[in-house]
There are 2 protein chains.
Amino acid sequence: MAIERRPLREQIREELLLRLGRGDFAAGTDVNEAALAAELGVSRTPLREALITLAGEGVLESNQGRGFRFAPVSRKEFRELCEIVAALESLALSTSDPAYLKEIGPELLRLANDFPDPVAEQQVIERHDDEWHDLLLSGSSNERLLDLITSVKAGMRRYAHLLAGYDAPLEREAAEHCRVAELLVAGDLAGATEALRDNWVNGMERMLSRIP
Amino acid sequence: MAIERRPLREQIREELLLRLGRGDFAAGTDVNEAALAAELGVSRTPLREALITLAGEGVLESNQGRGFRFAPVSRKEFRELCEIVAALESLALSTSDPAYLKEIGPELLRLANDFPDPVAEQQVIERHDDEWHDLLLSGSSNERLLDLITSVKAGMRRYAHLLAGYDAPLEREAAEHCRVAELLVAGDLAGATEALRDNWVNGMERMLSRIP
DNA sequence: GAGTAATATATTGTGCACAGAATTCATAGT
DNA sequence: ACTATGAATTCTGTGCACAATATATTACTC
């Protein structure tokens with residue numbers, strides 16, 4: 001058994017994000033610290049530390065005396081988050097080394113074409129999508145930017161389960177990823193950046209209808 | 001006496017950011033929780049909560065078993081932060097209501113021309129600059145974006161005291177602010193966005209030499 | 001019966017204590 | 001003198017307890 005040698009607060013944070021992605025927590029509901037701590041088998045102290053981290057990422061809101069609650073979801077906020085991530089990923093891509101991007105282009109193309117089956121679990125699909133974006137941005141030397149993107153994306157997890165079982169857009173998503181990869185192979189960095197932004201905007205529009 | 005009715009962790013966070021801006025903490029040094037808590041007159045619990053928040057904003061780093069330390073500064077990271085804020089503020093400005101921007105244009109112009117005396121305290125200059133940027137972005141309806149910008153700027157506080165007493169660039173900063181405001185009054189939103197990005201890039205270059 | 005005051009309950013915010021890890025210091029051995 | 005080993009110390013990570021605040025319930029008046 002590989003014993004975990006990391007602060008509990010980080011493990012708790014990841015566990016909560018996992019459950020959030022599964023839709024275990026309803027948006028807008030209060031967090032009962034004692035109950036949740038007992039369920040996780042930890043004390044309130046590291047749990048609260050994880051909650052504070054998540055509040056900083058926009059997953060939770062905190063009110064004086066009322067503790068934490070899962071931030072409500074809305075079309076408006078989803079649009080806001082997509083716009084932010086689009087801008088940040090565009091920045092990361094446009095400041096990456098073109099030579100490196102050309103090099104990983106084929107791999108990106110392969111991953112895009114190798115999109116998982118629509119009947120696959122939501123988790124699998126998400127992981128595959130994340131993998132593609134991570135590879136795409138792996139050439140950026142702006143570490144702060146990559147951290148920030150990760151953080152903002154954590155805030156988008158709240159919307160993950162709302163879009164489960166939505167197969168139709170998968171092909172379009174794959175097609176758009178291919179387009180980005182092809183432009184990179186062709187050495188057109190500006191075009192690829194534009195295509196990436198379009199991917200986010202289009203993906204956003206596709207998903208918006210599923211949000212209350 | 002106005003009794004504070006907010007969580008201690010938030011008050012502590014602000015106090016630490018204030019001291020950081022004054023250069024009270026050397027970059028790269030460890031935080032001694034017990035000592036700092038005693039100095040602030042609070043217990044370690046809310047202090048740690050504040051430290052965790054600041055770590056999420058990039059002000060601090062945390063290592064297992066070694067606690068927190070003030071993140072080291074570097075030209076590379078300063079450049080990264082400027083690029084990020086430039087992109088985020090550009091996004092905020094470009095998605096603002098043009099009519100509103102035209103309306104506040106004159107006020108922005110007035111503020112830009114009314115730049116404080118170079119001999120003024122660093123604090124005063126910073127506050128004035130922040131005020132201008134806040135007003136500029138006040139037309140954005142993307143609340144998440146505004147929060148994010150605030151958070152990233154908090155991470156830049158570590159560089160504030162390194163740039164104290166640097167009068168020469170003040171005029172150029174003012175001139176560039178004027179240019180943004182004039183373009184907004186003229187109704188050229190795209191141009192203003194571009195000018196704002198230039199302001200960040202130029203400001204970055206101006207300051208880079210002062211960083212080790 | 002509705003509205004308000006008073007009480008009880010539940011839950012957070014903060015302080016505190018202890019165990020365990022990391023660092024420092026001392027000591028012994030080569 | 002230098003390295004290595006081990007003890008002592010410092011400090012973090014986590015659990016726990018209490019006080020303050022918010023919420024729910026009851027009692028009471030009109």
# chains A, B, ... in the order shown; residues from 1 in each chain; ligands from 1
call {"tool": "residues_around", "arguments": {"residues": "Ala71 (chain A)", "least_positions_apart": "6", "cutoff": "9 Å", "atoms": "only C-alpha atoms (C1' of nucleotides)", "output": "PyMOL selection string"}}
result
chain A and resi 27-29+55+58-61+158
call {"tool": "write_last_selection", "arguments": {"atoms": "N, CA and C atoms", "output": "short mmCIF file (atom, residue, chain, number, x, y, z; two decimals), in the first residue's frame"}}
result
data_model
loop_
_atom_site.label_atom_id
_atom_site.label_comp_id
_atom_site.auth_asym_id
_atom_site.auth_seq_id
_atom_site.Cartn_x
_atom_site.Cartn_y
_atom_site.Cartn_z
N ALA A 27 -25.91 22.11 -6.13
CA ALA A 27 -25.49 23.50 -6.09
C ALA A 27 -26.40 24.31 -5.20
N GLY A 28 -25.81 25.21 -4.44
CA GLY A 28 -26.59 26.09 -3.58
C GLY A 28 -26.85 25.56 -2.18
N THR A 29 -26.47 24.30 -1.91
CA THR A 29 -26.73 23.74 -0.59
C THR A 29 -25.58 24.02 0.36
N ALA A 55 -13.12 27.55 -1.84
CA ALA A 55 -13.81 28.84 -1.90
C ALA A 55 -12.98 29.83 -2.72
N GLY A 58 -13.64 29.39 -6.26
CA GLY A 58 -14.99 29.69 -6.73
C GLY A 58 -15.94 28.52 -6.66
N VAL A 59 -15.48 27.40 -6.13
CA VAL A 59 -16.37 26.24 -6.02
C VAL A 59 -17.37 26.46 -4.90
N LEU A 60 -16.91 27.10 -3.84
CA LEU A 60 -17.77 27.36 -2.68
C LEU A 60 -17.86 28.85 -2.43
N GLU A 61 -18.90 29.22 -1.68
CA GLU A 61 -19.02 30.59 -1.20
C GLU A 61 -19.02 30.53 0.32
N ARG A 158 -18.20 22.03 -11.32
CA ARG A 158 -19.59 22.05 -10.84
C ARG A 158 -20.57 21.82 -11.98
#
call {"tool": "calpha_fit_and_write", "arguments": {"fixed": "chain B", "moving": "chain A", "output": "tab-separated table (two decimals) with C-alpha atoms, in the first residue's frame"}}
result
chain	number	residue	atom	x	y	z
A	1	MET	CA	-15.32	52.16	17.26
A	2	ALA	CA	-16.49	50.11	14.34
A	3	ILE	CA	-16.16	46.53	15.45
A	4	GLU	CA	-15.03	44.22	12.70
A	5	ARG	CA	-17.67	41.67	11.86
A	6	ARG	CA	-15.71	39.61	9.36
A	7	PRO	CA	-13.81	36.37	9.73
A	8	LEU	CA	-10.38	36.86	11.22
A	9	ARG	CA	-8.82	35.01	8.32
A	10	GLU	CA	-9.83	37.79	5.95
A	11	GLN	CA	-8.56	40.55	8.19
A	12	ILE	CA	-5.32	38.65	8.64
A	13	ARG	CA	-4.98	38.15	4.91
A	14	GLU	CA	-5.34	41.86	4.27
A	15	GLU	CA	-2.91	42.75	7.01
A	16	LEU	CA	-0.34	40.36	5.56
A	17	LEU	CA	-0.81	41.77	2.06
A	18	LEU	CA	-0.35	45.26	3.49
A	19	ARG	CA	2.88	44.29	5.18
A	20	LEU	CA	3.99	42.48	2.09
A	21	GLY	CA	3.49	45.65	0.07
A	22	ARG	CA	5.63	47.51	2.57
A	23	GLY	CA	8.37	44.96	2.10
A	24	ASP	CA	8.16	43.64	5.64
A	25	PHE	CA	8.67	40.07	4.47
A	26	ALA	CA	11.69	38.98	2.51
A	27	ALA	CA	10.92	36.75	-0.44
A	28	GLY	CA	11.92	33.14	0.02
A	29	THR	CA	11.85	33.18	3.83
A	30	ASP	CA	9.87	30.74	5.93
A	31	VAL	CA	6.79	31.73	7.88
A	32	ASN	CA	6.93	30.91	11.57
A	33	GLU	CA	3.27	30.42	12.37
A	34	ALA	CA	3.50	30.65	16.13
A	35	ALA	CA	5.62	33.81	16.05
A	36	LEU	CA	3.49	35.52	13.44
A	37	ALA	CA	0.27	34.58	15.21
A	38	ALA	CA	1.60	36.00	18.45
A	39	GLU	CA	2.66	39.19	16.70
A	40	LEU	CA	-0.79	39.61	15.17
A	41	GLY	CA	-2.50	38.73	18.42
A	42	VAL	CA	-4.47	35.82	17.01
A	43	SER	CA	-4.25	32.06	17.24
A	44	ARG	CA	-2.65	29.84	14.64
A	45	THR	CA	-5.97	28.56	13.32
A	46	PRO	CA	-7.24	31.66	11.51
A	47	LEU	CA	-3.67	32.57	10.61
A	48	ARG	CA	-3.21	29.24	8.85
A	49	GLU	CA	-6.50	29.77	7.04
A	50	ALA	CA	-5.22	33.10	5.76
A	51	LEU	CA	-1.91	31.52	4.77
A	52	ILE	CA	-3.72	28.83	2.79
A	53	THR	CA	-5.71	31.49	0.96
A	54	LEU	CA	-2.54	33.39	0.12
A	55	ALA	CA	-0.88	30.18	-1.04
A	56	GLY	CA	-3.77	29.74	-3.44
A	57	GLU	CA	-3.08	33.20	-4.79
A	58	GLY	CA	0.59	32.43	-5.31
A	59	VAL	CA	1.86	34.71	-2.57
A	60	LEU	CA	3.09	31.76	-0.53
A	61	GLU	CA	4.31	28.27	-1.26
A	62	SER	CA	3.68	25.29	0.96
A	63	ASN	CA	5.80	22.22	1.41
A	64	GLN	CA	4.79	19.14	3.33
A	65	GLY	CA	6.15	19.33	6.84
A	66	ARG	CA	7.97	22.57	6.18
A	67	GLY	CA	4.98	24.87	6.31
A	68	PHE	CA	4.69	28.05	4.29
A	69	ARG	CA	7.26	30.39	2.85
A	70	PHE	CA	7.02	33.60	0.90
A	71	ALA	CA	7.35	32.71	-2.74
A	72	PRO	CA	10.64	33.86	-4.26
A	73	VAL	CA	10.54	36.65	-6.81
A	74	SER	CA	12.03	36.49	-10.27
A	75	ARG	CA	11.95	38.39	-13.53
A	76	LYS	CA	10.42	35.34	-15.14
A	77	GLU	CA	7.49	35.19	-12.77
A	78	PHE	CA	6.92	38.93	-12.89
A	79	ARG	CA	6.73	38.72	-16.66
A	80	GLU	CA	4.32	35.81	-16.37
A	81	LEU	CA	2.05	37.71	-14.01
A	82	CYS	CA	2.03	40.80	-16.20
A	83	GLU	CA	1.11	38.76	-19.24
A	84	ILE	CA	-1.74	37.15	-17.34
A	85	VAL	CA	-3.15	40.39	-16.00
A	86	ALA	CA	-2.78	42.02	-19.41
A	87	ALA	CA	-4.84	39.25	-20.98
A	88	LEU	CA	-7.47	39.29	-18.24
A	89	GLU	CA	-7.91	43.06	-18.16
A	90	SER	CA	-8.06	43.12	-21.93
A	91	LEU	CA	-10.81	40.55	-21.85
A	92	ALA	CA	-12.71	42.50	-19.22
A	93	LEU	CA	-12.43	45.72	-21.17
A	94	SER	CA	-13.30	44.26	-24.54
A	95	THR	CA	-16.47	42.68	-23.18
A	96	SER	CA	-17.64	45.80	-21.37
A	97	ASP	CA	-20.54	47.91	-22.52
A	98	PRO	CA	-19.13	50.51	-24.96
A	99	ALA	CA	-21.74	53.09	-24.02
A	100	TYR	CA	-20.80	52.89	-20.36
A	101	LEU	CA	-17.11	53.15	-21.20
A	102	LYS	CA	-17.73	56.26	-23.24
A	103	GLU	CA	-19.56	57.66	-20.26
A	104	ILE	CA	-16.76	57.13	-17.75
A	105	GLY	CA	-14.08	58.11	-20.28
A	106	PRO	CA	-13.80	61.72	-19.08
A	107	GLU	CA	-13.47	60.61	-15.47
A	108	LEU	CA	-10.73	58.17	-16.48
A	109	LEU	CA	-8.99	60.99	-18.32
A	110	ARG	CA	-9.21	63.24	-15.31
A	111	LEU	CA	-7.78	60.58	-13.02
A	112	ALA	CA	-4.96	59.86	-15.44
A	113	ASN	CA	-3.96	63.52	-15.66
A	114	ASP	CA	-4.34	63.97	-11.94
A	115	PHE	CA	-1.48	61.60	-11.27
A	116	PRO	CA	-0.02	62.01	-7.79
A	117	ASP	CA	3.25	63.72	-7.13
A	118	PRO	CA	6.29	61.51	-7.68
A	119	VAL	CA	7.41	62.34	-4.16
A	120	ALA	CA	4.18	60.96	-2.76
A	121	GLU	CA	4.30	57.79	-0.76
A	122	GLN	CA	4.43	54.55	-2.67
A	123	GLN	CA	1.15	53.54	-1.05
A	124	VAL	CA	-0.59	56.62	-2.43
A	125	ILE	CA	0.70	56.05	-5.93
A	126	GLU	CA	-0.36	52.41	-5.90
A	127	ARG	CA	-3.81	53.24	-4.60
A	128	HIS	CA	-4.25	55.82	-7.33
A	129	ASP	CA	-3.21	53.35	-10.02
A	130	ASP	CA	-5.52	50.68	-8.63
A	131	GLU	CA	-8.38	53.17	-8.54
A	132	TRP	CA	-7.91	53.94	-12.22
A	133	HIS	CA	-7.84	50.29	-13.26
A	134	ASP	CA	-10.83	49.48	-11.05
A	135	LEU	CA	-12.86	52.22	-12.65
A	136	LEU	CA	-11.76	51.11	-16.10
A	137	LEU	CA	-13.04	47.60	-15.48
A	138	SER	CA	-16.13	48.63	-13.53
A	139	GLY	CA	-18.22	48.16	-16.65
A	140	SER	CA	-17.50	44.47	-16.94
A	141	SER	CA	-20.38	42.22	-15.98
A	142	ASN	CA	-18.07	39.22	-15.67
A	143	GLU	CA	-17.85	39.02	-11.90
A	144	ARG	CA	-15.70	35.91	-11.88
A	145	LEU	CA	-13.21	37.68	-14.10
A	146	LEU	CA	-13.02	40.69	-11.82
A	147	ASP	CA	-12.47	38.44	-8.81
A	148	LEU	CA	-9.76	36.59	-10.66
A	149	ILE	CA	-7.98	39.81	-11.61
A	150	THR	CA	-8.05	40.93	-7.99
A	151	SER	CA	-6.62	37.61	-6.93
A	152	VAL	CA	-3.78	37.65	-9.45
A	153	LYS	CA	-2.95	41.22	-8.57
A	154	ALA	CA	-2.64	40.18	-4.95
A	155	GLY	CA	0.14	37.88	-6.09
A	156	MET	CA	1.89	40.87	-7.66
A	157	ARG	CA	2.04	42.70	-4.34
A	158	ARG	CA	5.27	40.90	-3.65
A	159	TYR	CA	6.90	43.07	-6.27
A	160	ALA	CA	5.42	46.36	-5.08
A	161	HIS	CA	8.15	47.39	-2.68
A	162	LEU	CA	10.87	46.56	-5.20
A	163	LEU	CA	9.60	49.38	-7.38
A	164	ALA	CA	9.28	52.05	-4.73
A	165	GLY	CA	10.76	55.45	-5.41
A	166	TYR	CA	10.92	54.95	-9.13
A	167	ASP	CA	9.54	58.26	-10.31
A	168	ALA	CA	10.59	58.49	-13.94
A	169	PRO	CA	8.04	56.05	-15.42
A	170	LEU	CA	5.14	57.78	-13.72
A	171	GLU	CA	4.70	60.27	-16.53
A	172	ARG	CA	4.72	57.57	-19.16
A	173	GLU	CA	2.23	55.54	-17.16
A	174	ALA	CA	-0.02	58.59	-16.98
A	175	ALA	CA	0.36	59.24	-20.68
A	176	GLU	CA	-0.62	55.68	-21.52
A	177	HIS	CA	-3.65	55.85	-19.27
A	178	CYS	CA	-4.67	59.02	-21.04
A	179	ARG	CA	-4.36	57.31	-24.36
A	180	VAL	CA	-6.66	54.49	-23.26
A	181	ALA	CA	-9.20	56.99	-21.95
A	182	GLU	CA	-9.09	59.05	-25.13
A	183	LEU	CA	-9.71	56.03	-27.29
A	184	LEU	CA	-12.68	55.11	-25.13
A	185	VAL	CA	-14.12	58.59	-25.44
A	186	ALA	CA	-13.66	58.29	-29.19
A	187	GLY	CA	-15.59	55.03	-29.08
A	188	ASP	CA	-12.67	52.91	-30.26
A	189	LEU	CA	-12.99	49.93	-27.95
A	190	ALA	CA	-10.64	47.68	-29.88
A	191	GLY	CA	-8.00	50.38	-29.91
A	192	ALA	CA	-8.39	51.01	-26.21
A	193	THR	CA	-8.03	47.30	-25.47
A	194	GLU	CA	-4.85	47.23	-27.49
A	195	ALA	CA	-3.55	50.33	-25.70
A	196	LEU	CA	-4.31	48.75	-22.35
A	197	ARG	CA	-2.32	45.67	-23.28
A	198	ASP	CA	0.54	47.88	-24.40
A	199	ASN	CA	0.36	49.68	-21.08
A	200	TRP	CA	0.96	46.42	-19.25
A	201	VAL	CA	3.72	45.26	-21.56
A	202	ASN	CA	5.50	48.61	-21.45
A	203	GLY	CA	5.06	48.92	-17.70
A	204	MET	CA	6.49	45.46	-17.32
A	205	GLU	CA	9.57	46.30	-19.36
A	206	ARG	CA	10.06	49.49	-17.40
A	207	MET	CA	10.00	47.64	-14.12
A	208	LEU	CA	11.86	44.49	-15.06
A	209	SER	CA	15.28	46.08	-14.59
A	210	ARG	CA	14.54	46.66	-10.91
A	211	ILE	CA	14.03	42.99	-10.18
A	212	PRO	CA	16.90	40.65	-9.26
call {"tool": "residues_around", "arguments": {"residues": "DT3 (chain D)", "least_positions_apart": "6", "cutoff": "12 Å", "atoms": "only C-alpha atoms (C1' of nucleotides)", "output": "list in words"}}
result
DA28, DG29 and DT30 of chain C
call {"tool": "write_last_selection", "arguments": {"atoms": "C-alpha atoms (C1' of nucleotides)", "output": "PDB file, in the first residue's frame"}}
result
ATOM      1  C1'  DA C  28      31.462   9.641  18.645  1.00  0.00           C
ATOM      2  C1'  DG C  29      34.254   7.475  15.301  1.00  0.00           C
ATOM      3  C1'  DT C  30      37.612   7.430  11.497  1.00  0.00           C
TER       4       DT C  30
END
